[in-house]
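Only one structure is covered here, and it is reproduced in the block below.
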Amino acid sequence: MKLNVNGRDHDVDAEPDTPLLYVLRDHLELNGAKFGCGLGQCGACTVMVDDEAVFSCLAPILLLDGRRVTTVEGLGSADNPNPLQKAFIDEQAAQCGYCIAGMIMRAQALLKRNPSPSREEIRAALQPNLCRCGTHMRILRAVERAAGRRTAEVTGGAR
Amino acid sequence: MLRRIVPILIVIVVVAGGAAAALAWRPAIDPVRRPAAASFDPALVKRGGELAAIGNCTTCHTAPGGRAFAGGLGVITPFGAIYSTNITPDEQTGIGAWSEDAFRRALRQGVDRAGRHLYPAFPYEHFTLVSDFDIKALYAFLMTREAVAATTPANKLPFPLTLRPLLAGWKLLFLRTGPYRIDGNQNTEWNSGAYLANGLAHCGACHTPRNALGAEGKDRAFAGGDAEGWTAYALDANSPAPMPWNAAALAFYLHNGWQRDHGVARGPMSEVTENLSTVPASDVQAIATYMASVAGSPPDRRRSKKTGNADDRMPGAAIYAAACATCHDAGRPPPYGGIDLALSTGPSGPNARNVSDVILWGLPAQDEQRRPIMPGFAGTLNDRQLADLLAYVRARFSDKPAWTDVDKDIREARAGGSRIYPAPSPPSAPALEEARQ
């Protein structure tokens, strides 16, 4: 079947009940989205479908005909990160990094519908995504920075 | 002729108006100085806290993200939005200047300290049953809370519903005051449960259907109603639960917010069970005993289990198999696996509303609660796919005919998504977080 990922149509040779996550990683070699729990409980696999955050481990591709899938690779690259990715780098929000692609994609979906979220709104939106290292405070700051709610001066200095 | 009739009409209107005004008039009760917190017996305050949890007071009297009991939540009714009042002991904006007599009158007669009639969104037709002792305990609890200055927003009601004296007429029709009458044919636990369920816990406020004037039909008690866009299932003999409720299952459900043979509380009911998780087991057991008797005593086995009539070629079958079966057919018992949908009340319910809500928005994790969680599928499923899935779930997991008006249920569930996250975060959490930074 056809799958639109990061603005490109792909012909995918996979069963319709295959989770999007497997297609992204195994067929398209887009390894940003991670397998965490496989049950939609950790958020490591989060991508965007149209403009909404979705657990790709629980999204069989049969549901995605005619929809737009965006992964963390679709936002920017290491050389040319998008503003949200740059904010995550500037805040050094990753420790082991396993959750970060999912965090970024859920935060990107939040910023799409609410460009200037409050801290409470960010916390509520990111609630489905877990970080086992405990960099939550940096992740919150990164999203605030990308939303323009936090200037370099405020965040500067050791924490 | 007209000249003679008009004065007569005027006299009639004046007399009737005067009679109505006299009927509607209630005196103010003099303000008091806020009683000192230390003047209340701590044991009474503790019991008052438990009773406030049974009464679910904090749910309506706390705005989302607001301070506990400070009011300001807009309760959406078919007539308009009615804002809950501040029941913290602030003397200006709360009930700090209310004597216990004024508090008792508000609960039993729906009249505030100043003598204004209260709208029945405040369920005084239930609270009228609450005993003197329990009112004393509730008063002690509320008067020892932190005083919060918070002015209640104006209600959004159309004229003439803004005229509170009209409520005297409503009360004449629907409010029956008087204490709880013990049923001598039942034991103490049953009576205690009936007193709580019909009084302070006001279960019927959601689970009993309301008439055109917003009053509960007492002859249809517990026949099922609705609450804030959710369907409150029938709790009487018409309960759609595939496995009949019994007292033990109800007690577990009310205390934990889920029960493996019935389902998971969500929407407004999850606030009820969250509150009930904090009260003595004997109170919950009593409510369960009474409610089980309301449901009748069906045989202790499931009424039906239908899993055969769904067609695997239905478009929803593939969606179910690919997106839902991982948890719901895994055989892991809840809270670690999905509920058995053949036992869950939702697929057998009268409409697709609650199931649509849960599929779209999931069952979010709640702090410090060991209970089933479920991811939401709002971004994954479009409306057509959700409708297909609902049709399949209904056909496979219930013995009832297909739902009608599913598109409307889906539309409303999508629009009301935020209501799945009803529990306000504990008031101390943000401060704690700031302190850690």
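Naming scheme: A, B, ... for chains in displayed order of the structure tokens; residues 1 onward per chain; ligands 1 onward as shown.
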Residues within 6 Å of A:Thr70, please, as an MDAnalysis selection string. Count only C-alpha atoms; anything in the same chain fewer than 4 positions from it doesn't count. chainID A and resid 5:6 48 74
Write the residues you've just listed into a file as a compact mmCIF listing (two decimals), in the first residue's frame, and include N, CA and C atoms for each of them.
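Listing of selection-v1.txt after writing:
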# COMPACT_ATOMS: atom_id res chain seq x y z
N VAL A 5 5.03 9.60 4.01
CA VAL A 5 5.86 9.85 5.19
C VAL A 5 6.80 11.02 4.90
N ASN A 6 6.79 11.99 5.76
CA ASN A 6 7.64 13.17 5.64
C ASN A 6 7.55 13.80 4.25
N MET A 48 3.72 12.00 14.21
CA MET A 48 2.52 12.76 13.90
C MET A 48 1.81 12.15 12.70
N GLY A 74 11.52 14.12 9.76
CA GLY A 74 10.84 15.04 8.87
C GLY A 74 10.87 16.47 9.36
Can you pull out every residue within 10 Å of B:Ala292, counting only C-alpha atoms, but drop anything in the same chain fewer than 5 positions away, and send it as a PDB file with C-alpha atoms, in the first residue's frame?
ATOM      1  CA  TRP B 190     -28.585  -1.518  53.896  1.00  0.00           C
ATOM      2  CA  LEU B 235     -28.446   0.847  37.961  1.00  0.00           C
ATOM      3  CA  ASP B 236     -31.838  -0.778  38.441  1.00  0.00           C
ATOM      4  CA  ALA B 237     -33.056  -4.018  36.885  1.00  0.00           C
ATOM      5  CA  PRO B 244     -25.031  -8.634  36.944  1.00  0.00           C
ATOM      6  CA  TRP B 245     -23.567  -6.482  39.690  1.00  0.00           C
ATOM      7  CA  ASN B 246     -23.456  -7.793  43.216  1.00  0.00           C
ATOM      8  CA  ALA B 247     -22.459  -6.017  46.416  1.00  0.00           C
ATOM      9  CA  ALA B 248     -18.894  -7.341  46.417  1.00  0.00           C
ATOM     10  CA  ALA B 249     -18.229  -6.265  42.820  1.00  0.00           C
ATOM     11  CA  LEU B 250     -19.789  -2.858  43.449  1.00  0.00           C
ATOM     12  CA  ALA B 251     -17.757  -2.286  46.584  1.00  0.00           C
ATOM     13  CA  ALA B 286     -22.998   0.033  52.730  1.00  0.00           C
ATOM     14  CA  ILE B 287     -23.555   1.946  49.481  1.00  0.00           C
ATOM     15  CA  SER B 297     -30.830 -10.178  42.799  1.00  0.00           C
ATOM     16  CA  PRO B 298     -30.190 -11.807  39.446  1.00  0.00           C
TER      17      PRO B 298
END
For a test of reading the model, state the distance in Å between atom CA of B:Arg384 and atom CA of B:Ile319, rounded to one decimal.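 Atom-to-atom, atom CA of B:Arg384 and atom CA of B:Ile319 are spaced 11.5 Å apart.
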Mind running chain A against chain B at 6 Å and telling me each contacting residue's nearest atom pair with the distance in Å (one decimal), counting only C-alpha atoms, chain and number ascending, as a Markdown table?
| residue | atom | partner | partner_atom | distance |
| --- | --- | --- | --- | --- |
| A:Asp17 | CA | B:Ala322 | CA | 5.1 |
| A:Gly40 | CA | B:Pro375 | CA | 5.6 |
| A:Glu52 | CA | B:Gly379 | CA | 5.2 |
| A:Val54 | CA | B:Gly379 | CA | 5.6 |
| A:Leu58 | CA | B:Ala323 | CA | 5.5 |
| A:Pro60 | CA | B:Ala322 | CA | 5.9 |
B:Ala234 surroundings by only C-alpha atoms, 12 Å radius, close-in-sequence under 4 positions cut, as a count of residues only: 27
Which residues are near stretch 95-102 of chain A? Cut-off 7 Å, only C-alpha atoms, ignore same chain within fewer than 5 positions. Put them as a PyMOL selection string. chain A and resi 32-34+43-47+72+130-131+133+135
